[in-house]
Amino acid sequence: DGIVITSKSYSNGCNSGYTTLARQLDQQVHDRQQLTHVFSAGNSGGDNCGYGAGAGWGNITGGHKAGKNVIAVGNLSHTDALAGSSSRGPAEDGRIKPDICAVGSSVTSTGPDNIYFTISGTSMSCPGVSGTLAQLYDGYRDLNGGLDPDAA
């Protein structure tokens, strides 16, 4: 048994294409077929990354999020509208990103000094998708003798 779902929200630039890290993540999923990497798509919805998609498009924040076997998560409002700040595709090679969206706007979260506050962004939608995947994995295990599903 080991890790089957990762959930990460960090950036490394404006849609830097299919990077070495993206290739490594894709190879990990190929080698460990039950592994799923989930990333926030980023909060650069109005940016222009300069490869021809135009302002407001093609601005996922990091090549690792352009991986072919990773899930990039966009930010929806509570009325299922894409948040203006949510990064979106296409990836530099034309593939559609984000792969899925979830509520990430006006989410109540914990903060310093044991307080609750409201925050927005793909860093709020990403854990929701990861948690849902965890529930689906658990249900699959219950129905299949403890086996993990293939991520593909």
# chains A, B, ... in the order shown; residues from 1 in each chain; ligands from 1
>>> residues_around(residues="Val103 in chain A", least_positions_apart="4", cutoff="10 Å", atoms="only C-alpha atoms", output="short mmCIF file (atom, residue, chain, number, x, y, z; two decimals) with all heavy atoms, in the first residue's frame")
data_model
loop_
_atom_site.label_atom_id
_atom_site.label_comp_id
_atom_site.auth_asym_id
_atom_site.auth_seq_id
_atom_site.Cartn_x
_atom_site.Cartn_y
_atom_site.Cartn_z
N VAL A 73 -7.11 21.44 -11.92
CA VAL A 73 -8.44 21.81 -11.43
C VAL A 73 -8.65 23.32 -11.51
O VAL A 73 -7.85 24.09 -10.99
CB VAL A 73 -8.64 21.35 -9.97
CG1 VAL A 73 -10.05 21.68 -9.49
CG2 VAL A 73 -8.36 19.86 -9.83
N GLY A 74 -9.72 23.73 -12.17
CA GLY A 74 -10.11 25.13 -12.25
C GLY A 74 -11.06 25.50 -11.11
O GLY A 74 -11.53 24.64 -10.36
N ASN A 75 -11.36 26.79 -11.01
CA ASN A 75 -12.16 27.35 -9.91
C ASN A 75 -13.54 27.77 -10.41
O ASN A 75 -13.65 28.61 -11.31
CB ASN A 75 -11.40 28.55 -9.34
CG ASN A 75 -12.18 29.34 -8.32
OD1 ASN A 75 -13.22 28.93 -7.84
ND2 ASN A 75 -11.67 30.51 -7.98
N LEU A 76 -14.57 27.22 -9.80
CA LEU A 76 -15.96 27.59 -10.09
C LEU A 76 -16.55 28.39 -8.93
O LEU A 76 -16.17 28.18 -7.77
CB LEU A 76 -16.83 26.36 -10.29
CG LEU A 76 -16.55 25.45 -11.47
CD1 LEU A 76 -17.49 24.24 -11.43
CD2 LEU A 76 -16.68 26.20 -12.78
N SER A 77 -17.51 29.24 -9.26
CA SER A 77 -18.30 29.90 -8.22
C SER A 77 -19.35 28.92 -7.71
O SER A 77 -19.50 27.81 -8.24
CB SER A 77 -19.00 31.14 -8.80
OG SER A 77 -20.03 30.72 -9.68
N HIS A 78 -20.10 29.34 -6.70
CA HIS A 78 -21.16 28.48 -6.16
C HIS A 78 -22.32 28.32 -7.14
O HIS A 78 -23.20 27.48 -6.93
CB HIS A 78 -21.65 29.02 -4.81
CG HIS A 78 -20.65 28.81 -3.71
ND1 HIS A 78 -20.52 27.62 -3.03
CD2 HIS A 78 -19.70 29.62 -3.20
CE1 HIS A 78 -19.56 27.70 -2.14
NE2 HIS A 78 -19.03 28.92 -2.23
N THR A 79 -22.35 29.11 -8.22
CA THR A 79 -23.38 28.95 -9.26
C THR A 79 -22.80 28.24 -10.49
O THR A 79 -23.38 28.31 -11.57
CB THR A 79 -23.96 30.32 -9.67
OG1 THR A 79 -22.90 31.15 -10.17
CG2 THR A 79 -24.65 31.00 -8.50
N ASP A 80 -21.66 27.58 -10.33
CA ASP A 80 -21.00 26.80 -11.37
C ASP A 80 -20.48 27.63 -12.54
O ASP A 80 -20.29 27.13 -13.64
CB ASP A 80 -21.90 25.68 -11.89
CG ASP A 80 -22.15 24.61 -10.85
OD1 ASP A 80 -21.30 24.45 -9.95
OD2 ASP A 80 -23.18 23.93 -10.92
N ALA A 81 -20.21 28.90 -12.31
CA ALA A 81 -19.58 29.75 -13.33
C ALA A 81 -18.07 29.72 -13.12
O ALA A 81 -17.59 29.74 -11.98
CB ALA A 81 -20.10 31.17 -13.24
N LEU A 82 -17.32 29.68 -14.22
CA LEU A 82 -15.87 29.72 -14.11
C LEU A 82 -15.44 31.07 -13.55
O LEU A 82 -15.83 32.11 -14.08
CB LEU A 82 -15.22 29.49 -15.47
CG LEU A 82 -13.70 29.40 -15.49
CD1 LEU A 82 -13.22 28.18 -14.70
CD2 LEU A 82 -13.19 29.33 -16.91
N ALA A 83 -14.67 31.07 -12.49
CA ALA A 83 -14.19 32.31 -11.88
C ALA A 83 -13.24 33.01 -12.84
O ALA A 83 -12.42 32.36 -13.50
CB ALA A 83 -13.49 32.00 -10.56
N VAL A 107 -14.77 30.07 -0.32
CA VAL A 107 -14.73 28.84 0.47
C VAL A 107 -14.29 29.18 1.89
O VAL A 107 -13.31 29.90 2.08
CB VAL A 107 -13.78 27.80 -0.15
CG1 VAL A 107 -13.63 26.58 0.73
CG2 VAL A 107 -14.25 27.43 -1.55
N SER A 120 -10.68 32.45 -1.86
CA SER A 120 -11.02 31.97 -3.20
C SER A 120 -9.77 31.60 -3.97
O SER A 120 -8.70 32.16 -3.74
CB SER A 120 -11.78 33.05 -3.98
OG SER A 120 -13.01 33.35 -3.38
N GLY A 121 -9.90 30.68 -4.90
CA GLY A 121 -8.81 30.31 -5.79
C GLY A 121 -8.79 28.83 -6.08
O GLY A 121 -9.51 28.04 -5.46
N THR A 122 -7.96 28.46 -7.04
CA THR A 122 -7.87 27.04 -7.39
C THR A 122 -7.24 26.21 -6.27
O THR A 122 -7.42 25.00 -6.24
CB THR A 122 -7.10 26.84 -8.72
OG1 THR A 122 -5.79 27.41 -8.61
CG2 THR A 122 -7.84 27.48 -9.88
N MET A 124 -8.33 26.25 -3.44
CA MET A 124 -9.51 25.82 -2.68
C MET A 124 -10.29 24.74 -3.45
O MET A 124 -10.90 23.87 -2.84
CB MET A 124 -10.44 27.01 -2.39
CG MET A 124 -9.83 28.07 -1.49
SD MET A 124 -9.65 27.51 0.21
CE MET A 124 -7.94 27.03 0.28
N SER A 125 -10.27 24.78 -4.77
CA SER A 125 -11.01 23.78 -5.56
C SER A 125 -10.23 22.46 -5.67
O SER A 125 -10.83 21.39 -5.70
CB SER A 125 -11.36 24.32 -6.94
OG SER A 125 -10.24 24.82 -7.62
N CYS A 126 -8.91 22.54 -5.71
CA CYS A 126 -8.08 21.34 -5.85
C CYS A 126 -8.31 20.31 -4.75
O CYS A 126 -8.52 19.13 -5.04
CB CYS A 126 -6.62 21.78 -5.94
SG CYS A 126 -5.43 20.45 -6.11
N GLY A 128 -10.92 19.84 -2.97
CA GLY A 128 -12.26 19.27 -3.11
C GLY A 128 -12.28 18.12 -4.10
O GLY A 128 -12.92 17.08 -3.87
N VAL A 129 -11.58 18.28 -5.21
CA VAL A 129 -11.49 17.21 -6.20
C VAL A 129 -10.70 16.03 -5.64
O VAL A 129 -11.10 14.87 -5.78
CB VAL A 129 -10.87 17.73 -7.52
CG1 VAL A 129 -10.52 16.58 -8.46
CG2 VAL A 129 -11.83 18.70 -8.20
#
>>> residues_around(residues="range 6-18 of chain A", least_positions_apart="2", cutoff="8 Å", atoms="only C-alpha atoms", output="PDB file with C-alpha atoms, in the first residue's frame")
ATOM      1  CA  ILE A   3       0.094   6.947  -1.784  1.00  0.00           C
ATOM      2  CA  VAL A   4      -2.586   6.881  -4.478  1.00  0.00           C
ATOM      3  CA  THR A  20      10.728  17.770 -17.595  1.00  0.00           C
ATOM      4  CA  ALA A  22       5.465  17.056 -16.383  1.00  0.00           C
ATOM      5  CA  ARG A  23       7.206  14.134 -18.078  1.00  0.00           C
ATOM      6  CA  LEU A  35      -1.487   6.994  -8.642  1.00  0.00           C
ATOM      7  CA  THR A  36      -3.356  10.222  -9.424  1.00  0.00           C
ATOM      8  CA  HIS A  37      -1.724  13.664  -9.261  1.00  0.00           C
ATOM      9  CA  VAL A  38      -4.162  16.569  -8.736  1.00  0.00           C
ATOM     10  CA  PHE A  39      -2.991  20.180  -9.186  1.00  0.00           C
ATOM     11  CA  SER A  40      -4.623  23.576  -8.902  1.00  0.00           C
ATOM     12  CA  GLY A  42      -3.667  28.553 -11.063  1.00  0.00           C
ATOM     13  CA  CYS A  49       1.424  33.666 -21.647  1.00  0.00           C
ATOM     14  CA  GLY A  58      -3.551  29.424 -22.060  1.00  0.00           C
ATOM     15  CA  ASN A  59      -2.437  30.584 -18.624  1.00  0.00           C
ATOM     16  CA  ILE A  60      -2.231  27.526 -16.389  1.00  0.00           C
ATOM     17  CA  THR A  61       0.546  28.199 -13.902  1.00  0.00           C
ATOM     18  CA  GLY A  62       3.237  25.638 -14.523  1.00  0.00           C
ATOM     19  CA  GLY A  63       4.368  23.017 -16.978  1.00  0.00           C
ATOM     20  CA  HIS A  64       3.753  20.242 -14.447  1.00  0.00           C
ATOM     21  CA  ALA A  66       0.210  20.413 -18.454  1.00  0.00           C
ATOM     22  CA  GLY A  67       1.074  16.778 -17.849  1.00  0.00           C
ATOM     23  CA  ALA A  91      -1.955  23.906 -22.836  1.00  0.00           C
ATOM     24  CA  GLU A  92       0.899  25.101 -25.040  1.00  0.00           C
ATOM     25  CA  ASP A  93       0.517  21.973 -27.215  1.00  0.00           C
ATOM     26  CA  THR A 122      -7.870  27.042  -7.391  1.00  0.00           C
ATOM     27  CA  SER A 123      -6.033  26.143  -4.182  1.00  0.00           C
ATOM     28  CA  CYS A 126      -8.083  21.343  -5.855  1.00  0.00           C
ATOM     29  CA  PRO A 127      -8.550  19.691  -2.425  1.00  0.00           C
ATOM     30  CA  SER A 130      -8.791  15.235  -4.373  1.00  0.00           C
TER      31      SER A 130
END
>>> atom_distance(atom1="CA of Ala72 in chain A", atom2="CA of Gly54 in chain A")
20.0 Å
>>> closest_residue(among="A:Arg32, A:Asn114, A:Leu25, A:Ala41", to="Ile100 in chain A", atoms="only C-alpha atoms")
A:Ala41
>>> atom_distance(atom1="CA of Tyr140 in chain A", atom2="CA of Leu21 in chain A")
29.6 Å
>>> select_by_dssp(residues="range 37-146 of chain A", states="strand (DSSP E)", output="ChimeraX atom specification")
/A:37-40,70-76,100-103,107-111,115-119
>>> atom_distance(atom1="CA of Ala53 in chain A", atom2="CA of Arg95 in chain A")
11.9 Å
>>> residues_around(residues="Ala55 in chain A", least_positions_apart="5", cutoff="12 Å", atoms="only C-alpha atoms", output="short mmCIF file (atom, residue, chain, number, x, y, z; two decimals) with N, CA, C and O atoms, in the first residue's frame")
data_model
loop_
_atom_site.label_atom_id
_atom_site.label_comp_id
_atom_site.auth_asym_id
_atom_site.auth_seq_id
_atom_site.Cartn_x
_atom_site.Cartn_y
_atom_site.Cartn_z
N SER A 44 -4.41 32.82 -12.68
CA SER A 44 -3.91 33.81 -13.64
C SER A 44 -4.84 33.95 -14.83
O SER A 44 -4.41 34.08 -15.98
N GLY A 45 -6.15 33.92 -14.57
CA GLY A 45 -7.15 33.91 -15.63
C GLY A 45 -7.08 35.05 -16.62
O GLY A 45 -7.51 34.90 -17.76
N GLY A 46 -6.54 36.18 -16.26
CA GLY A 46 -6.46 37.30 -17.18
C GLY A 46 -5.14 37.44 -17.89
O GLY A 46 -4.96 38.32 -18.73
N ASP A 47 -4.18 36.58 -17.58
CA ASP A 47 -2.83 36.72 -18.13
C ASP A 47 -2.74 36.19 -19.56
O ASP A 47 -3.53 35.36 -20.00
N ASN A 48 -1.73 36.66 -20.26
CA ASN A 48 -1.40 36.21 -21.60
C ASN A 48 0.00 35.62 -21.52
O ASN A 48 0.97 36.32 -21.25
N CYS A 49 0.12 34.32 -21.76
CA CYS A 49 1.42 33.67 -21.65
C CYS A 49 2.27 33.81 -22.91
O CYS A 49 3.38 33.31 -22.97
N GLY A 50 1.73 34.45 -23.94
CA GLY A 50 2.52 34.83 -25.08
C GLY A 50 2.81 33.77 -26.11
O GLY A 50 3.74 33.91 -26.89
N SER A 87 -7.18 30.08 -13.92
CA SER A 87 -6.38 29.83 -15.11
C SER A 87 -7.08 28.82 -15.99
O SER A 87 -7.82 27.96 -15.51
N ARG A 88 -6.84 28.94 -17.28
CA ARG A 88 -7.48 28.04 -18.24
C ARG A 88 -6.54 27.76 -19.40
O ARG A 88 -5.56 28.45 -19.61
N GLY A 89 -6.88 26.76 -20.15
CA GLY A 89 -6.07 26.34 -21.29
C GLY A 89 -6.38 27.15 -22.53
O GLY A 89 -7.01 28.20 -22.44
N PRO A 90 -5.91 26.68 -23.63
CA PRO A 90 -5.31 25.36 -23.80
C PRO A 90 -3.87 25.32 -23.29
O PRO A 90 -3.24 26.34 -23.09
#
>>> select_by_dssp(residues="chain A", states="alpha helix (DSSP H)", output="PyMOL selection string")
chain A and resi 20-31+122-143
>>> closest_residue(among="A:Gln27, A:Ser106, A:Asn43, A:Thr118", to="Ser86 in chain A", atoms="only C-alpha atoms")
A:Asn43
>>> closest_residue(among="A:Gly145, A:Gly104, A:Gly94, A:Pro112", to="Tyr51 in chain A", atoms="only C-alpha atoms")
A:Gly94
>>> residues_around(residues="Gln34 in chain A", least_positions_apart="4", cutoff="12 Å", atoms="only C-alpha atoms", output="ChimeraX atom specification")
/A:1-6,28-30,69,133-134,137,140-141,147-152
>>> write_last_selection(atoms="N, CA and C atoms", output="mmCIF file, in the first residue's frame")
data_model
loop_
_atom_site.group_PDB
_atom_site.id
_atom_site.type_symbol
_atom_site.label_atom_id
_atom_site.label_comp_id
_atom_site.auth_asym_id
_atom_site.auth_seq_id
_atom_site.Cartn_x
_atom_site.Cartn_y
_atom_site.Cartn_z
ATOM 1 N N ASP A 1 0.836 -1.191 0.000
ATOM 2 C CA ASP A 1 0.000 0.000 0.000
ATOM 3 C C ASP A 1 0.872 1.242 0.000
ATOM 4 N N GLY A 2 0.395 2.277 -0.633
ATOM 5 C CA GLY A 2 1.147 3.517 -0.684
ATOM 6 C C GLY A 2 0.234 4.660 -1.065
ATOM 7 N N ILE A 3 0.835 5.758 -1.382
ATOM 8 C CA ILE A 3 0.094 6.947 -1.784
ATOM 9 C C ILE A 3 -0.587 6.687 -3.120
ATOM 10 N N VAL A 4 -1.868 7.036 -3.213
ATOM 11 C CA VAL A 4 -2.586 6.881 -4.478
ATOM 12 C C VAL A 4 -3.107 8.209 -5.014
ATOM 13 N N ILE A 5 -3.196 9.239 -4.175
ATOM 14 C CA ILE A 5 -3.676 10.551 -4.613
ATOM 15 C C ILE A 5 -2.777 11.620 -4.011
ATOM 16 N N THR A 6 -2.290 12.532 -4.852
ATOM 17 C CA THR A 6 -1.575 13.697 -4.350
ATOM 18 C C THR A 6 -2.401 14.927 -4.699
ATOM 19 N N GLN A 28 5.533 8.646 -13.579
ATOM 20 C CA GLN A 28 5.126 8.082 -12.282
ATOM 21 C C GLN A 28 3.763 7.413 -12.389
ATOM 22 N N VAL A 29 2.831 8.082 -13.051
ATOM 23 C CA VAL A 29 1.485 7.518 -13.203
ATOM 24 C C VAL A 29 1.530 6.275 -14.089
ATOM 25 N N HIS A 30 2.381 6.277 -15.094
ATOM 26 C CA HIS A 30 2.541 5.096 -15.940
ATOM 27 C C HIS A 30 3.091 3.922 -15.139
ATOM 28 N N ASN A 69 -1.065 12.998 -17.852
ATOM 29 C CA ASN A 69 -1.674 12.048 -16.917
ATOM 30 C C ASN A 69 -1.909 12.651 -15.544
ATOM 31 N N LEU A 133 -12.065 12.223 -5.105
ATOM 32 C CA LEU A 133 -11.365 11.049 -5.625
ATOM 33 C C LEU A 133 -11.068 10.045 -4.515
ATOM 34 N N ALA A 134 -10.692 10.541 -3.342
ATOM 35 C CA ALA A 134 -10.425 9.645 -2.218
ATOM 36 C C ALA A 134 -11.669 8.839 -1.850
ATOM 37 N N TYR A 137 -12.132 6.200 -4.569
ATOM 38 C CA TYR A 137 -11.176 5.104 -4.351
ATOM 39 C C TYR A 137 -11.662 4.198 -3.231
ATOM 40 N N TYR A 140 -14.535 2.060 -4.376
ATOM 41 C CA TYR A 140 -14.040 1.019 -5.275
ATOM 42 C C TYR A 140 -13.406 -0.114 -4.477
ATOM 43 N N ARG A 141 -12.591 0.255 -3.478
ATOM 44 C CA ARG A 141 -11.950 -0.764 -2.642
ATOM 45 C C ARG A 141 -12.987 -1.628 -1.934
ATOM 46 N N LEU A 147 -8.836 -3.783 -3.567
ATOM 47 C CA LEU A 147 -7.968 -3.368 -4.668
ATOM 48 C C LEU A 147 -8.190 -1.900 -5.032
ATOM 49 N N ASP A 148 -7.120 -1.246 -5.470
ATOM 50 C CA ASP A 148 -7.222 0.127 -5.954
ATOM 51 C C ASP A 148 -7.626 0.142 -7.421
ATOM 52 N N PRO A 149 -8.374 1.163 -7.828
ATOM 53 C CA PRO A 149 -8.664 1.297 -9.263
ATOM 54 C C PRO A 149 -7.437 1.802 -10.000
ATOM 55 N N ASP A 150 -7.348 1.532 -11.289
ATOM 56 C CA ASP A 150 -6.320 2.157 -12.111
ATOM 57 C C ASP A 150 -6.706 3.606 -12.312
ATOM 58 N N ALA A 151 -5.744 4.502 -12.205
ATOM 59 C CA ALA A 151 -6.011 5.935 -12.349
ATOM 60 C C ALA A 151 -6.482 6.281 -13.756
ATOM 61 N N ALA A 152 -6.002 5.551 -14.741
ATOM 62 C CA ALA A 152 -6.388 5.845 -16.128
ATOM 63 C C ALA A 152 -7.851 5.548 -16.307
#
>>> closest_residue(among="A:Thr19, A:Ser105, A:Ser85, A:Gln33", to="Gly56 in chain A", atoms="only C-alpha atoms")
A:Ser85
